[in-house]
Amino acid sequence: MSESIAANGLQFFGAMIASISHEMKNRMAIINENAGLLEDLVQMHESGRPLSPERLTRLAGAIKSQIANADGIIKKLNRLAHSVDDDRRSTEVGDTLSLTAALFQRLAGQRAIKLEALDPPEPLTVTTSPFFLIYLIGSCLDAGIQAGEPDQTLSLDCARTPDGAEIRLTGEKPLNLTPDTLLNAEQAALAAQLGAEVTRDPEGNRILIRIPKHNGSARPVISGASAND
Amino acid sequence: MRILLVDDETEFVSALAERLSLRGIDVDWSSDPETAVQKAADDCHDLAVLDMKMPGVNGIDLKKRLQATCPRMRFIFLTGHGSEDSFKAGTSEAGPDNYLLKPIRIEDLLAKISIAFQQQRKEGSDE
């Protein structure tokens with residue numbers, strides 16, 4: 001089962017990288033067209049067409065704006081990449097929620113769903129595997145996006161509990177979740193690995209993830225190896 | 001030839017539309033698929049350049065909706081997705097000659113538009 005978590009985790013990592021690369025391509029496409037338009041306008045000017053400095057300034061501004069967007073995307077990629085540096089460390093839950101929401105924003109947008117990650121009222125940290133926490137939250141978020149009706153906002157927020165933290169994914173409309181989409185075997189194994197508990201509230205528009213303050217064994221144990229290896 | 005561009009990234013599609021327009025091409029554009037379908041219904045375009053993935057709709061489904069109103073419309077697909085699955089889906093719908101990966105070279109798009117125009121003229125003269 002742990003080998004499955006590792007393999008599925010790698011697949012999840014790959015899917016996130018692919019999604020980020022798609023976002024980057026779109027930014028580059030916009031920069032490419034604006035730069036091409038600049039070239040076209042200059043060429044037209046050389047052929048006698050008037051050139052508006054204001055227009056050039058706007059185009060330059062548009063390119064700079066997309067560069068800033070692309071930089072944000074790279075920062076997201078960087079944070080994801082570094083989430084695997086440690087198999088367990090002090091992890092800021094609010095930060096993890098905002099990163100996971102950002103990673104799934106594009107997928108959610110494809111289904112006309114908006115994601116919103118709310119900051120906790122105070123910093124909230126747990127000691128766990130940063131990557132596998134992103135993976136578990138992402139898996140539940142994916143379930144909510146796939147099952148959720150379009151044209152709604154899914155909100156992610158977290159709160160301190162006596163034993164750790166509770167993460168809440170709340171829809172404006174009911175999330176039509178089934179045992180195959182929420183708490184399937186993969187999610188159950190992942191939750192167990194993190195010492196977490198995933199439930200759905202009876203009203204059907206919220207997913208709850210409870211995570212312990214200290215997870216003693218965050219790294220998936222490959223069968224045949226000791227936890228101390 | 002009248003062309004319809006559809007892509008959810010407004011900055012991309014408006015800049016591309018302007019570049020084509022500067023080259024003397026009659027271009028209409030929309031960042032909203034529903035508006036695009038309405039524009040085509042009002043007056044069929046000869047060719048549509050569609051983004052493969054847009055919020056709530058993919059390029060293939062949009063193609064089918066446009067074709068229902070404009071059966072002679074031709075299609076070119078654009079995508080930022082580099083996956084083989086996306087390539088296969090796109091090329092099976094539009095043909096391998098009518099599929100471009102973003103960021104595009106405008107010369108490549110113009111070449112494909114020219115081919116589509118020639119094919120359309122040939123079909124028109126064959127009838």
# chains A, B, ... in the order shown; residues from 1 in each chain; ligands from 1
$ interface_residues --of "chain B" --to "chain A" --cutoff "6 Å" --atoms "only C-alpha atoms" --output "list in words"
Phe12, Ala15, Arg19, Pro55, Gly56, Gly80, His81, Lys102 and Pro103 of chain B
$ select_by_dssp --residues "range 47-219 of chain A" --states "alpha helix (DSSP H)" --output "ChimeraX atom specification"
/A:53-82,93-110,130-147,185-194
$ residues_around --residues "Gln146 in chain A" --least-positions-apart "5" --cutoff "9 Å" --atoms "only C-alpha atoms" --output "PyMOL selection string"
chain A and resi 108+111+141+175-177+181
$ closest_residue --among "A:Leu103, A:Leu136, A:Ala117, A:Ala159" --to "Ala188 in chain A" --atoms "only C-alpha atoms"
A:Leu136
$ residues_around --residues "Gly171 in chain A" --least-positions-apart "5" --cutoff "9 Å" --atoms "only C-alpha atoms" --output "count of residues only"
10
$ closest_residue --among "B:Ala17, B:Ala41, B:Leu5, B:Ile115" --to "Leu78 in chain B" --atoms "only C-alpha atoms"
B:Leu5
$ closest_residue --among "B:Ser31, B:Thr79, B:Thr69, B:Ser21" --to "Ile3 in chain B" --atoms "only C-alpha atoms"
B:Ser21
$ atom_distance --atom1 "CA of Arg160 in chain A" --atom2 "CA of Asn215 in chain A"
15.4 Å
$ atom_distance --atom1 "CA of Asp61 in chain B" --atom2 "CA of Glu107 in chain B"
26.9 Å
